[in-house]
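S.K.: Contents of query.pdb (PDB, C-alpha atoms):
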ATOM      1  CA  MET R 920       0.000   0.000   0.000  1.00  0.00           C
ATOM      2  CA  LYS R 921       1.335   3.420  -0.939  1.00  0.00           C
ATOM      3  CA  ILE R 922       0.727   6.080   1.710  1.00  0.00           C
ATOM      4  CA  LEU R 923       1.285   9.763   1.000  1.00  0.00           C
ATOM      5  CA  GLY R 924       2.118  11.728   4.148  1.00  0.00           C
ATOM      6  CA  ILE R 925       1.542  15.475   3.983  1.00  0.00           C
ATOM      7  CA  ASP R 926       2.676  18.249   6.322  1.00  0.00           C
ATOM      8  CA  PRO R 927       0.559  21.261   5.306  1.00  0.00           C
ATOM      9  CA  GLY R 928       1.764  24.836   5.175  1.00  0.00           C
ATOM     10  CA  MET R 929       1.365  27.951   3.078  1.00  0.00           C
ATOM     11  CA  ALA R 930       5.089  28.478   2.482  1.00  0.00           C
ATOM     12  CA  ILE R 931       6.123  24.807   2.489  1.00  0.00           C
ATOM     13  CA  VAL R 932       4.084  21.640   2.077  1.00  0.00           C
ATOM     14  CA  GLY R 933       6.192  18.610   2.926  1.00  0.00           C
ATOM     15  CA  TYR R 934       5.343  15.243   1.412  1.00  0.00           C
ATOM     16  CA  GLY R 935       6.614  11.715   1.787  1.00  0.00           C
ATOM     17  CA  LEU R 936       5.404   8.615  -0.025  1.00  0.00           C
ATOM     18  CA  ILE R 937       6.034   5.274   1.628  1.00  0.00           C
ATOM     19  CA  ASP R 938       5.179   1.780   0.463  1.00  0.00           C
ATOM     20  CA  THR R 939       4.217  -0.855   3.001  1.00  0.00           C
ATOM     21  CA  GLU R 940       4.795  -4.408   1.939  1.00  0.00           C
ATOM     22  CA  ASN R 941       4.705  -7.364   4.335  1.00  0.00           C
ATOM     23  CA  GLY R 942       5.262  -5.035   7.267  1.00  0.00           C
ATOM     24  CA  ASN R 943       8.325  -3.427   5.660  1.00  0.00           C
ATOM     25  CA  LEU R 944       8.417   0.275   4.901  1.00  0.00           C
ATOM     26  CA  MET R 945      10.167   1.794   1.935  1.00  0.00           C
ATOM     27  CA  LEU R 946      10.467   5.475   1.119  1.00  0.00           C
ATOM     28  CA  CYS R 947       9.456   5.893  -2.535  1.00  0.00           C
ATOM     29  CA  ALA R 948       9.527   9.681  -2.878  1.00  0.00           C
ATOM     30  CA  SER R 949       9.726  12.787  -0.744  1.00  0.00           C
ATOM     31  CA  GLY R 950      10.074  16.497  -1.151  1.00  0.00           C
ATOM     32  CA  SER R 951       8.280  19.769  -0.741  1.00  0.00           C
ATOM     33  CA  ILE R 952       6.041  22.220  -2.481  1.00  0.00           C
ATOM     34  CA  GLN R 953       7.401  25.701  -1.799  1.00  0.00           C
ATOM     35  CA  THR R 954       5.455  28.823  -2.607  1.00  0.00           C
ATOM     36  CA  ASP R 955       6.744  32.353  -3.115  1.00  0.00           C
ATOM     37  CA  LYS R 956       5.823  34.648  -0.228  1.00  0.00           C
ATOM     38  CA  ASN R 957       5.605  37.562  -2.665  1.00  0.00           C
ATOM     39  CA  LEU R 958       2.633  36.000  -4.455  1.00  0.00           C
ATOM     40  CA  SER R 959      -0.961  36.492  -3.369  1.00  0.00           C
ATOM     41  CA  ASP R 960      -2.447  33.834  -1.103  1.00  0.00           C
ATOM     42  CA  SER R 961      -4.775  32.701  -3.881  1.00  0.00           C
ATOM     43  CA  LYS R 962      -1.841  32.143  -6.262  1.00  0.00           C
ATOM     44  CA  ARG R 963       0.077  30.260  -3.579  1.00  0.00           C
ATOM     45  CA  LEU R 964      -2.929  28.025  -2.880  1.00  0.00           C
ATOM     46  CA  LEU R 965      -3.343  27.352  -6.593  1.00  0.00           C
ATOM     47  CA  GLU R 966       0.326  26.377  -6.785  1.00  0.00           C
ATOM     48  CA  ILE R 967      -0.194  23.903  -3.924  1.00  0.00           C
ATOM     49  CA  PHE R 968      -3.265  22.531  -5.716  1.00  0.00           C
ATOM     50  CA  ASN R 969      -1.444  22.096  -9.025  1.00  0.00           C
ATOM     51  CA  ASP R 970       1.802  20.690  -7.606  1.00  0.00           C
ATOM     52  CA  LEU R 971       0.030  18.220  -5.319  1.00  0.00           C
ATOM     53  CA  SER R 972      -2.126  17.124  -8.268  1.00  0.00           C
ATOM     54  CA  GLU R 973       1.062  16.368 -10.237  1.00  0.00           C
ATOM     55  CA  ILE R 974       2.505  14.378  -7.317  1.00  0.00           C
ATOM     56  CA  ILE R 975      -0.674  12.312  -7.025  1.00  0.00           C
ATOM     57  CA  GLU R 976      -0.853  11.689 -10.767  1.00  0.00           C
ATOM     58  CA  LYS R 977       2.796  10.615 -10.817  1.00  0.00           C
ATOM     59  CA  TYR R 978       2.851   8.334  -7.744  1.00  0.00           C
ATOM     60  CA  LYS R 979      -0.794   7.219  -7.462  1.00  0.00           C
ATOM     61  CA  PRO R 980      -0.988   6.762  -3.676  1.00  0.00           C
ATOM     62  CA  ASP R 981      -3.636   4.467  -2.204  1.00  0.00           C
ATOM     63  CA  CYS R 982      -4.343   6.818   0.691  1.00  0.00           C
ATOM     64  CA  ALA R 983      -3.002   9.920   2.379  1.00  0.00           C
ATOM     65  CA  SER R 984      -2.349  11.020   5.924  1.00  0.00           C
ATOM     66  CA  VAL R 985      -2.391  14.733   6.593  1.00  0.00           C
ATOM     67  CA  GLU R 986      -1.272  16.542   9.711  1.00  0.00           C
ATOM     68  CA  ASN R 987      -4.248  18.018  11.509  1.00  0.00           C
ATOM     69  CA  LEU R 988      -4.163  21.512  12.972  1.00  0.00           C
ATOM     70  CA  PHE R 989      -3.963  21.099  16.692  1.00  0.00           C
ATOM     71  CA  PHE R 990      -2.139  23.975  18.303  1.00  0.00           C
ATOM     72  CA  PHE R 991      -0.272  26.913  16.866  1.00  0.00           C
ATOM     73  CA  LYS R 992       2.238  29.055  18.713  1.00  0.00           C
ATOM     74  CA  ASN R 993       2.089  31.664  15.967  1.00  0.00           C
ATOM     75  CA  GLN R 994      -1.470  32.907  15.511  1.00  0.00           C
ATOM     76  CA  LYS R 995      -0.472  34.697  12.280  1.00  0.00           C
ATOM     77  CA  THR R 996       0.144  31.391  10.501  1.00  0.00           C
ATOM     78  CA  VAL R 997      -2.850  29.354  11.657  1.00  0.00           C
ATOM     79  CA  ILE R 998      -5.293  30.665   9.035  1.00  0.00           C
ATOM     80  CA  PRO R 999      -2.936  30.342   6.021  1.00  0.00           C
ATOM     81  CA  VAL R1000      -1.998  26.812   7.119  1.00  0.00           C
ATOM     82  CA  ALA R1001      -5.689  25.949   7.508  1.00  0.00           C
ATOM     83  CA  GLU R1002      -6.340  27.298   4.016  1.00  0.00           C
ATOM     84  CA  ALA R1003      -3.473  25.207   2.603  1.00  0.00           C
ATOM     85  CA  ARG R1004      -4.799  22.145   4.419  1.00  0.00           C
ATOM     86  CA  GLY R1005      -8.226  22.773   2.867  1.00  0.00           C
ATOM     87  CA  VAL R1006      -6.702  22.872  -0.609  1.00  0.00           C
ATOM     88  CA  ILE R1007      -4.773  19.655   0.139  1.00  0.00           C
ATOM     89  CA  LEU R1008      -7.945  17.875   1.244  1.00  0.00           C
ATOM     90  CA  THR R1009      -9.723  19.143  -1.875  1.00  0.00           C
ATOM     91  CA  VAL R1010      -7.019  17.689  -4.134  1.00  0.00           C
ATOM     92  CA  LEU R1011      -7.197  14.356  -2.326  1.00  0.00           C
ATOM     93  CA  GLU R1012     -10.979  14.318  -2.735  1.00  0.00           C
ATOM     94  CA  LYS R1013     -10.667  15.197  -6.432  1.00  0.00           C
ATOM     95  CA  TYR R1014      -8.553  12.062  -6.938  1.00  0.00           C
ATOM     96  CA  ASN R1015     -10.714   9.901  -4.640  1.00  0.00           C
ATOM     97  CA  ILE R1016      -7.835   9.293  -2.262  1.00  0.00           C
ATOM     98  CA  PRO R1017      -8.945   8.461   1.278  1.00  0.00           C
ATOM     99  CA  ALA R1018      -7.484  11.019   3.702  1.00  0.00           C
ATOM    100  CA  TYR R1019      -6.699  10.409   7.362  1.00  0.00           C
ATOM    101  CA  SER R1020      -5.750  13.084   9.876  1.00  0.00           C
ATOM    102  CA  TYR R1021      -3.295  12.939  12.763  1.00  0.00           C
ATOM    103  CA  THR R1022      -2.264  15.634  15.208  1.00  0.00           C
ATOM    104  CA  PRO R1023       1.448  16.183  15.824  1.00  0.00           C
ATOM    105  CA  MET R1024       0.972  14.677  19.280  1.00  0.00           C
ATOM    106  CA  GLU R1025      -0.597  11.519  17.792  1.00  0.00           C
ATOM    107  CA  VAL R1026       2.281  11.150  15.319  1.00  0.00           C
ATOM    108  CA  LYS R1027       4.847  11.508  18.102  1.00  0.00           C
ATOM    109  CA  GLN R1028       2.948   9.028  20.287  1.00  0.00           C
ATOM    110  CA  VAL R1029       2.805   6.404  17.539  1.00  0.00           C
ATOM    111  CA  LEU R1030       6.438   6.798  16.472  1.00  0.00           C
ATOM    112  CA  THR R1031       8.163   7.286  19.829  1.00  0.00           C
ATOM    113  CA  GLY R1032       5.659   6.188  22.459  1.00  0.00           C
ATOM    114  CA  TYR R1033       5.607   9.725  23.886  1.00  0.00           C
ATOM    115  CA  GLY R1034       3.275  12.433  22.592  1.00  0.00           C
ATOM    116  CA  ARG R1035       5.597  15.281  23.543  1.00  0.00           C
ATOM    117  CA  ALA R1036       8.750  13.817  22.024  1.00  0.00           C
ATOM    118  CA  GLU R1037      11.376  16.159  20.611  1.00  0.00           C
ATOM    119  CA  LYS R1038      11.893  16.524  16.867  1.00  0.00           C
ATOM    120  CA  LYS R1039      15.232  14.642  17.036  1.00  0.00           C
ATOM    121  CA  GLU R1040      13.516  11.646  18.657  1.00  0.00           C
ATOM    122  CA  VAL R1041      10.920  11.538  15.879  1.00  0.00           C
ATOM    123  CA  GLU R1042      13.675  11.805  13.242  1.00  0.00           C
ATOM    124  CA  GLN R1043      15.529   8.904  14.858  1.00  0.00           C
ATOM    125  CA  MET R1044      12.402   6.738  14.798  1.00  0.00           C
ATOM    126  CA  VAL R1045      11.800   7.621  11.135  1.00  0.00           C
ATOM    127  CA  LYS R1046      15.365   6.466  10.364  1.00  0.00           C
ATOM    128  CA  ILE R1047      14.771   3.221  12.236  1.00  0.00           C
ATOM    129  CA  ALA R1048      11.403   2.593  10.552  1.00  0.00           C
ATOM    130  CA  LEU R1049      12.928   3.137   7.103  1.00  0.00           C
ATOM    131  CA  ASN R1050      16.188   1.361   7.965  1.00  0.00           C
ATOM    132  CA  THR R1051      18.283   4.302   6.815  1.00  0.00           C
ATOM    133  CA  ASN R1052      20.832   6.750   8.175  1.00  0.00           C
ATOM    134  CA  GLU R1053      19.899   9.512   5.758  1.00  0.00           C
ATOM    135  CA  LEU R1054      16.810  11.720   5.859  1.00  0.00           C
ATOM    136  CA  PRO R1055      15.831  14.724   3.754  1.00  0.00           C
ATOM    137  CA  LYS R1056      17.217  18.010   5.084  1.00  0.00           C
ATOM    138  CA  LEU R1057      13.880  19.826   5.274  1.00  0.00           C
ATOM    139  CA  ASP R1058      11.958  19.338   8.549  1.00  0.00           C
ATOM    140  CA  ASP R1059       8.621  19.602   6.717  1.00  0.00           C
ATOM    141  CA  THR R1060       9.543  16.648   4.524  1.00  0.00           C
ATOM    142  CA  VAL R1061      10.687  14.535   7.479  1.00  0.00           C
ATOM    143  CA  ASP R1062       7.451  15.414   9.287  1.00  0.00           C
ATOM    144  CA  ALA R1063       5.441  14.289   6.257  1.00  0.00           C
ATOM    145  CA  ILE R1064       7.286  10.960   6.201  1.00  0.00           C
ATOM    146  CA  ALA R1065       6.580  10.562   9.936  1.00  0.00           C
ATOM    147  CA  ILE R1066       2.875  11.217   9.283  1.00  0.00           C
ATOM    148  CA  ALA R1067       2.857   8.493   6.605  1.00  0.00           C
ATOM    149  CA  ILE R1068       4.604   6.047   8.954  1.00  0.00           C
ATOM    150  CA  CYS R1069       2.077   6.900  11.666  1.00  0.00           C
ATOM    151  CA  HIS R1070      -0.755   5.935   9.344  1.00  0.00           C
ATOM    152  CA  SER R1071       0.981   2.720   8.307  1.00  0.00           C
ATOM    153  CA  ARG R1072       0.921   1.671  11.961  1.00  0.00           C
ATOM    154  CA  ASN R1073      -2.767   2.500  12.330  1.00  0.00           C
ATOM    155  CA  ILE R1074      -4.136   0.451   9.436  1.00  0.00           C
TER
END
As structure tokens, please, write out the structure in this file.
M.R.:
Amino acid sequence: MKILGIDPGMAIVGYGLIDTENGNLMLCASGSIQTDKNLSDSKRLLEIFNDLSEIIEKYKPDCASVENLFFFKNQKTVIPVAEARGVILTVLEKYNIPAYSYTPMEVKQVLTGYGRAEKKEVEQMVKIALNTNELPKLDDTVDAIAIAICHSRNI
């Protein structure tokens, strides 16, 4: 089963596609959609829509897991992130891809056993789950992979 993990954002949308086969996880693709802060919000959202559509058409995931908005330290970013998440869910619906939501705390709990784990602990568990020493540099991409792994352990 191919699971597309998505970490929503207006500036950066991280994604990670894993394949689960016989209990083994393999990272198939990962990256980010990055929008230009100088563009209008509507143009940035359209870019997310179009780029995510291309990713789905290319990799054909069976389902997707998307980080749910739970708590934001920066109140200025909560609405743009919610708008980006709405566009992401719309794209998934357009392609009839079942979408599942997990809060950051749920992802941390599933991967590390502790819902308030530090980012480094989550990264270490992603490395272990994928049997690798190398992860993408961008935190948003690693988070998206973690979200996909979380879903793989909940199905």
S.K.: What are the closest atom pairs, with distances in Å to one decimal, for all residues of stretch 920-996 of chain R lying within 8 Å of stretch 1009-1014 of chain R? Consider only C-alpha atoms, order rows by chain and residue number, and present the result as a Markdown table.
M.R.:
| residue | atom | partner | partner_atom | distance |
| --- | --- | --- | --- | --- |
| R:Phe968 | CA | R:Val1010 | CA | 6.3 |
| R:Leu971 | CA | R:Val1010 | CA | 7.2 |
| R:Ser972 | CA | R:Val1010 | CA | 6.4 |
| R:Ile975 | CA | R:Tyr1014 | CA | 7.9 |
| R:Ala983 | CA | R:Leu1011 | CA | 7.7 |
S.K.: Given only C-alpha atoms as the basis, pick out the residue of R:Asp960, R:Glu986, R:Glu1002, R:Asp1059 nearest to R:Val1026.
M.R.: R:Glu986
S.K.: Hey, what's within 12 Å of R:Ile952 if we count only C-alpha atoms and toss same-chain stuff fewer than 4 positions away? As a PyMOL selection string, please?
M.R.: chain R and resi 925-935+963-974+1003+1007+1057+1059-1060+1063
S.K.: Those residues with C-alpha atoms, as a compact mmCIF listing (two decimals), in the coordinates of the input please?
M.R.:
# COMPACT_ATOMS: atom_id res chain seq x y z
CA ILE R 925 1.54 15.48 3.98
CA ASP R 926 2.68 18.25 6.32
CA PRO R 927 0.56 21.26 5.31
CA GLY R 928 1.76 24.84 5.18
CA MET R 929 1.36 27.95 3.08
CA ALA R 930 5.09 28.48 2.48
CA ILE R 931 6.12 24.81 2.49
CA VAL R 932 4.08 21.64 2.08
CA GLY R 933 6.19 18.61 2.93
CA TYR R 934 5.34 15.24 1.41
CA GLY R 935 6.61 11.72 1.79
CA ARG R 963 0.08 30.26 -3.58
CA LEU R 964 -2.93 28.02 -2.88
CA LEU R 965 -3.34 27.35 -6.59
CA GLU R 966 0.33 26.38 -6.78
CA ILE R 967 -0.19 23.90 -3.92
CA PHE R 968 -3.26 22.53 -5.72
CA ASN R 969 -1.44 22.10 -9.02
CA ASP R 970 1.80 20.69 -7.61
CA LEU R 971 0.03 18.22 -5.32
CA SER R 972 -2.13 17.12 -8.27
CA GLU R 973 1.06 16.37 -10.24
CA ILE R 974 2.50 14.38 -7.32
CA ALA R 1003 -3.47 25.21 2.60
CA ILE R 1007 -4.77 19.66 0.14
CA LEU R 1057 13.88 19.83 5.27
CA ASP R 1059 8.62 19.60 6.72
CA THR R 1060 9.54 16.65 4.52
CA ALA R 1063 5.44 14.29 6.26
S.K.: At what distance in Å, to one decimal, does atom CA of R:Arg1004 lie from atom CA of R:Thr1031?
M.R.: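 Going from atom CA of R:Thr1031 over to atom CA of R:Arg1004 covers 25.0 Å.
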S.K.: Could you list, as a list in words, every residue within 12 Å of R:Cys947, counting all atoms listed in the file and ignoring same-chain residues fewer than 3 positions away?
M.R.: Met920, Lys921, Ile922, Leu923, Gly924, Tyr934, Gly935, Leu936, Ile937, Asp938, Thr939, Leu944, Gly950, Ile974, Lys977, Tyr978, Lys979, Pro980, Leu1049, Ile1064 and Ala1067 of chain R
S.K.: Could you give me, as a ChimeraX atom specification, the residues within 7 Å of R:Lys1027, counting all atoms listed in the file and dropping anything in the same chain fewer than 6 positions from it?
M.R.: /R:1033-1036,1041
S.K.: Can you work out the spacing between atom CA of R:Ile1047 and atom CA of R:Leu1030 in Å, to one decimal?
M.R.: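 One can read the atom CA of R:Ile1047 to atom CA of R:Leu1030 distance as 10.0 Å.
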S.K.: Would you compute the distance between atom CA of R:Ile998 and atom CA of R:Asp981? Give it in Å to one decimal.
M.R.: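 Atom CA of R:Asp981 lies 28.6 Å from atom CA of R:Ile998.
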S.K.: Please, what is the axis-aligned box for every listed atom of stretch 969-972 of chain R with 5 Å on each side, as centre and edge lengths in Å to one decimal, as JSON?
M.R.:
{"center_x": -0.2, "center_y": 19.6, "center_z": -7.2, "size_x": 13.9, "size_y": 15.0, "size_z": 13.7}
S.K.: My list of candidates is R:Asn943, R:Ser961, R:Ser949, R:Thr954. Which is closest to R:Ala1065 when distances are computed with all atoms listed in the file?
M.R.: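 Distance minimum relative to R:Ala1065 lands on R:Ser949.
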S.K.: The PyMOL selection byres ((chain R and resi 1020) around 6) - which residues does that actually catch in the file I just gave you? List them as a ChimeraX atom specification.
M.R.: /R:984-987,1019,1021
S.K.: Counting only C-alpha atoms, which residue out of R:Leu988, R:Met945, R:Cys1069, R:Val1000 sits closest to R:Thr1051?
M.R.: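 Closest to R:Thr1051, using only C-alpha atoms: R:Met945.
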S.K.: Which residue, R:His1070, R:Asp955, R:Gln1043, R:Ala948, has the smallest gap to R:Thr1022 when you use all atoms listed in the file?
M.R.: R:His1070
